[in-house]
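Raw contents of final_24.pdb, PDB, C-alpha atoms:
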```pdb
ATOM      1  CA  MET A   1     -71.066  30.591 -23.533
ATOM      2  CA  LYS A   2     -70.629  26.983 -22.402
ATOM      3  CA  ILE A   3     -69.051  24.581 -24.893
ATOM      4  CA  GLU A   4     -70.495  21.087 -24.590
ATOM      5  CA  ARG A   5     -68.294  19.489 -27.252
ATOM      6  CA  PHE A   6     -66.028  20.141 -30.209
ATOM      7  CA  ILE A   7     -67.654  18.690 -33.326
ATOM      8  CA  GLY A   8     -64.824  19.172 -35.786
ATOM      9  CA  GLY A   9     -62.062  21.397 -36.909
ATOM     10  CA  ALA A  10     -59.192  22.042 -39.263
ATOM     11  CA  VAL A  11     -55.912  23.889 -39.477
ATOM     12  CA  ALA A  12     -55.213  25.528 -42.855
ATOM     13  CA  GLY A  13     -51.867  24.575 -44.303
ATOM     14  CA  ASP A  14     -51.026  27.970 -45.749
ATOM     15  CA  GLY A  15     -50.996  30.255 -42.732
ATOM     16  CA  GLY A  16     -52.312  28.062 -39.974
ATOM     17  CA  THR A  17     -55.820  29.469 -39.565
ATOM     18  CA  ILE A  18     -57.624  27.287 -37.021
ATOM     19  CA  SER A  19     -61.324  26.648 -37.540
ATOM     20  CA  CYS A  20     -63.549  24.724 -35.125
ATOM     21  CA  ARG A  21     -67.222  23.862 -34.877
ATOM     22  CA  VAL A  22     -68.604  23.507 -31.369
ATOM     23  CA  ALA A  23     -71.892  22.555 -29.791
ATOM     24  CA  LEU A  24     -72.918  24.844 -26.969
ATOM     25  CA  ARG A  25     -74.761  23.628 -23.899
ATOM     26  CA  ASP A  26     -77.975  25.331 -25.137
ATOM     27  CA  GLY A  27     -77.861  23.254 -28.375
ATOM     28  CA  THR A  28     -76.500  26.026 -30.581
ATOM     29  CA  ILE A  29     -73.817  25.097 -33.113
ATOM     30  CA  LEU A  30     -71.109  27.753 -33.444
ATOM     31  CA  ASP A  31     -68.094  28.115 -35.709
ATOM     32  CA  LEU A  32     -65.076  29.794 -34.185
ATOM     33  CA  GLY A  33     -61.363  29.970 -34.744
ATOM     34  CA  LEU A  34     -58.155  31.945 -35.023
ATOM     35  CA  ASP A  35     -57.394  33.977 -38.156
ATOM     36  CA  SER A  36     -53.780  33.215 -39.021
ATOM     37  CA  ARG A  37     -53.910  33.981 -42.736
ATOM     38  CA  ILE A  38     -50.673  34.994 -44.437
ATOM     39  CA  PRO A  39     -49.152  37.620 -44.055
ATOM     40  CA  LYS A  40     -50.462  38.195 -40.519
ATOM     41  CA  THR A  41     -47.912  38.332 -37.726
ATOM     42  CA  LYS A  42     -48.712  36.551 -34.465
ATOM     43  CA  ALA A  43     -49.685  39.900 -32.942
ATOM     44  CA  GLU A  44     -52.217  40.489 -35.759
ATOM     45  CA  ARG A  45     -54.041  37.177 -35.351
ATOM     46  CA  LEU A  46     -57.658  37.555 -34.249
ATOM     47  CA  VAL A  47     -60.308  35.209 -32.926
ATOM     48  CA  PHE A  48     -63.328  34.917 -35.208
ATOM     49  CA  ILE A  49     -66.820  33.497 -34.783
ATOM     50  CA  GLY A  50     -69.837  32.903 -36.984
ATOM     51  CA  ALA A  51     -68.305  31.031 -39.939
ATOM     52  CA  GLY A  52     -65.770  28.317 -40.673
ATOM     53  CA  TYR A  53     -63.216  30.736 -42.120
ATOM     54  CA  PRO A  54     -62.586  34.414 -41.346
ATOM     55  CA  SER A  55     -63.409  35.626 -44.877
ATOM     56  CA  LEU A  56     -66.694  33.707 -45.236
ATOM     57  CA  PRO A  57     -70.070  35.445 -44.947
ATOM     58  CA  GLY A  58     -71.191  35.644 -41.331
ATOM     59  CA  ALA A  59     -67.681  35.606 -39.891
ATOM     60  CA  ARG A  60     -66.946  38.275 -37.344
ATOM     61  CA  LEU A  61     -63.442  39.125 -36.156
ATOM     62  CA  LEU A  62     -63.298  39.878 -32.446
ATOM     63  CA  GLN A  63     -61.244  42.790 -31.228
ATOM     64  CA  ARG A  64     -58.159  41.613 -29.403
ATOM     65  CA  GLY A  65     -58.643  41.783 -25.648
ATOM     66  CA  SER A  66     -62.370  42.498 -25.984
ATOM     67  CA  ARG A  67     -64.875  41.037 -23.552
ATOM     68  CA  GLU A  68     -66.266  38.835 -26.316
ATOM     69  CA  GLU A  69     -62.805  37.442 -27.098
ATOM     70  CA  GLN A  70     -62.205  36.830 -23.395
ATOM     71  CA  ASP A  71     -65.519  34.931 -23.248
ATOM     72  CA  VAL A  72     -64.462  32.658 -26.134
ATOM     73  CA  VAL A  73     -61.079  31.955 -24.538
ATOM     74  CA  ALA A  74     -62.728  31.272 -21.170
ATOM     75  CA  ALA A  75     -65.241  28.892 -22.814
ATOM     76  CA  VAL A  76     -62.469  26.877 -24.522
ATOM     77  CA  GLN A  77     -60.442  26.805 -21.286
ATOM     78  CA  ASP A  78     -63.506  25.688 -19.329
ATOM     79  CA  TYR A  79     -64.179  22.915 -21.860
ATOM     80  CA  LEU A  80     -60.611  21.660 -21.526
ATOM     81  CA  ASP A  81     -60.695  21.902 -17.731
ATOM     82  CA  ARG A  82     -63.851  19.755 -17.659
ATOM     83  CA  ASN A  83     -62.802  17.230 -20.299
ATOM     84  CA  CYS A  84     -59.064  17.089 -20.661
ATOM     85  CA  GLY A  85     -56.645  17.105 -17.741
ATOM     86  CA  PHE A  86     -53.105  18.429 -17.871
ATOM     87  CA  LEU A  87     -51.435  15.063 -18.527
ATOM     88  CA  ARG A  88     -53.954  14.131 -21.221
ATOM     89  CA  ARG A  89     -53.393  17.486 -22.949
ATOM     90  CA  GLY A  90     -49.675  16.752 -23.143
ATOM     91  CA  ALA A  91     -50.236  13.232 -24.444
ATOM     92  CA  LEU A  92     -52.690  14.401 -27.111
ATOM     93  CA  SER A  93     -50.336  17.162 -28.225
ATOM     94  CA  GLU A  94     -47.612  14.557 -28.799
ATOM     95  CA  ALA A  95     -49.845  11.947 -30.480
ATOM     96  CA  GLU A  96     -50.179  11.229 -34.184
ATOM     97  CA  PRO A  97     -53.700  12.525 -35.030
ATOM     98  CA  SER A  98     -54.449   9.565 -37.334
ATOM     99  CA  THR A  99     -54.181   7.231 -34.313
ATOM    100  CA  LEU A 100     -56.674   9.151 -32.179
ATOM    101  CA  SER A 101     -60.348   8.454 -31.552
ATOM    102  CA  GLU A 102     -62.987  10.977 -32.583
ATOM    103  CA  THR A 103     -63.208  12.299 -29.007
ATOM    104  CA  ASP A 104     -59.444  12.611 -28.734
ATOM    105  CA  CYS A 105     -59.291  14.469 -32.072
ATOM    106  CA  ALA A 106     -61.974  16.861 -30.846
ATOM    107  CA  ASP A 107     -60.025  17.526 -27.661
ATOM    108  CA  LEU A 108     -56.841  18.006 -29.684
ATOM    109  CA  MET A 109     -58.635  20.696 -31.733
ATOM    110  CA  ALA A 110     -59.577  22.482 -28.512
ATOM    111  CA  ILE A 111     -55.961  22.273 -27.327
ATOM    112  CA  THR A 112     -54.666  23.532 -30.686
ATOM    113  CA  LEU A 113     -57.091  26.452 -30.710
ATOM    114  CA  LEU A 114     -56.295  27.522 -27.158
ATOM    115  CA  LYS A 115     -52.529  27.236 -27.758
ATOM    116  CA  GLY A 116     -52.838  29.292 -30.927
ATOM    117  CA  ILE A 117     -54.736  32.045 -29.146
ATOM    118  CA  LEU A 118     -52.454  32.132 -26.114
ATOM    119  CA  ASP A 119     -49.240  31.998 -28.190
ATOM    120  CA  ARG A 120     -49.995  35.221 -30.064
TER     121      ARG A 120
END
```
In structure tokens, how does this file's structure come out?
Amino acid sequence: MKIERFIGGAVAGDGGTISCRVALRDGTILDLGLDSRIPKTKAERLVFIGAGYPSLPGARLLQRGSREEQDVVAAVQDYLDRNCGFLRRGALSEAEPSTLSETDCADLMAITLLKGILDR
């Protein structure tokens, strides 16, 4: 899986579920995210793919530590490594989202998703 760009995303206000839509290098559009619905603990949070929310039809929760989950994490990390250096990541994390360009907001979603996954 090679992520070409982040198209959009959202963080749910109730539990913090992160949902992103990405365009893959082969032209495929894929929804992916981190299931943080209440009352899940950090340790219970799972990566999901296939829909914009973990309970929607087509969504598939990935087993923690599975090869497929590792592939998703590696794809997000690769995207950030190619498009968003260390200093830029820090600056975007500190910025007010309403002041950011569309590209910056997309990169901030990638940062938010990766942080959420790694902080579990």
Q) Using only C-alpha atoms, which of the listed residues (A:Asp35, A:Glu102, A:Asp107, A:Glu4) sits closest to Gly85 of chain A? A)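 Among A:Asp35, A:Glu102, A:Asp107, A:Glu4, it is A:Asp107 that comes nearest to Gly85 of chain A.
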Q. For the file shown, what are the residues hit by the PyMOL selection byres ((chain A and resi 78) around 12), laid out as number ranges by chain?
A. A: 1-5, 70-77, 79-85, 110-111, 114
Which residues fall under the PyMOL selection byres ((chain A and resi 62) around 7) in this file, as a PDB file with C-alpha atoms, in the coordinates of the input?
```pdb
ATOM      1  CA  LEU A  46     -57.658  37.555 -34.249  1.00  0.00           C
ATOM      2  CA  VAL A  47     -60.308  35.209 -32.926  1.00  0.00           C
ATOM      3  CA  PHE A  48     -63.328  34.917 -35.208  1.00  0.00           C
ATOM      4  CA  ARG A  60     -66.946  38.275 -37.344  1.00  0.00           C
ATOM      5  CA  LEU A  61     -63.442  39.125 -36.156  1.00  0.00           C
ATOM      6  CA  GLN A  63     -61.244  42.790 -31.228  1.00  0.00           C
ATOM      7  CA  ARG A  64     -58.159  41.613 -29.403  1.00  0.00           C
ATOM      8  CA  GLU A  68     -66.266  38.835 -26.316  1.00  0.00           C
ATOM      9  CA  GLU A  69     -62.805  37.442 -27.098  1.00  0.00           C
TER      10      GLU A  69
END
```
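Atom CA of Val11 of chain A to atom CA of Arg67 of chain A spans 25.1 Å [interatomic distance, one decimal].
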Q: Pick out the closest residue to Cys105 of chain A from this set: A:Leu56, A:Leu92, A:Ala51, A:Lys42. Count only C-alpha atoms.
A: A:Leu92
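Minimum distance to Ala106 of chain A across A:Ala43, A:Leu118, A:Ala10, A:Ala91 (counting all atoms listed in the file) occurs at A:Ala10.
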Q: Would you translate the PyMOL selection byres ((chain A and resi 9) around 6) into the concrete set of residues it matches in this file, as a PyMOL selection string?
A: chain A and resi 8+10+19-20
Q: Using atom CA of Thr28 of chain A and atom CA of Tyr53 of chain A as the two end points, give the distance in Å to one decimal.
A: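 Calculated distance between atom CA of Thr28 of chain A and atom CA of Tyr53 of chain A is 18.2 Å.
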(Q) One decimal, in Å: what's the spacing between atom CA of Val22 of chain A and atom CA of Thr41 of chain A? (A) 26.2 Å
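Each of A:Gly27, A:Pro39, A:Gly33, A:Gly116 was checked against Ala59 of chain A using all atoms listed in the file; the smallest atom-to-atom distance is that of A:Gly33.
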Q. Which is closer to Arg21 of chain A than all the others in A:Met109, A:Ser36, A:Asp104, A:Phe86, using all atoms listed in the file?
A. A:Met109
Q | Distance criterion (all atoms listed in the file): nearest to Thr17 of chain A out of A:Leu113, A:Glu94, A:Arg120, A:Arg88 | A |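 Between A:Leu113, A:Glu94, A:Arg120, A:Arg88, the residue approaching Thr17 of chain A most closely is A:Leu113.
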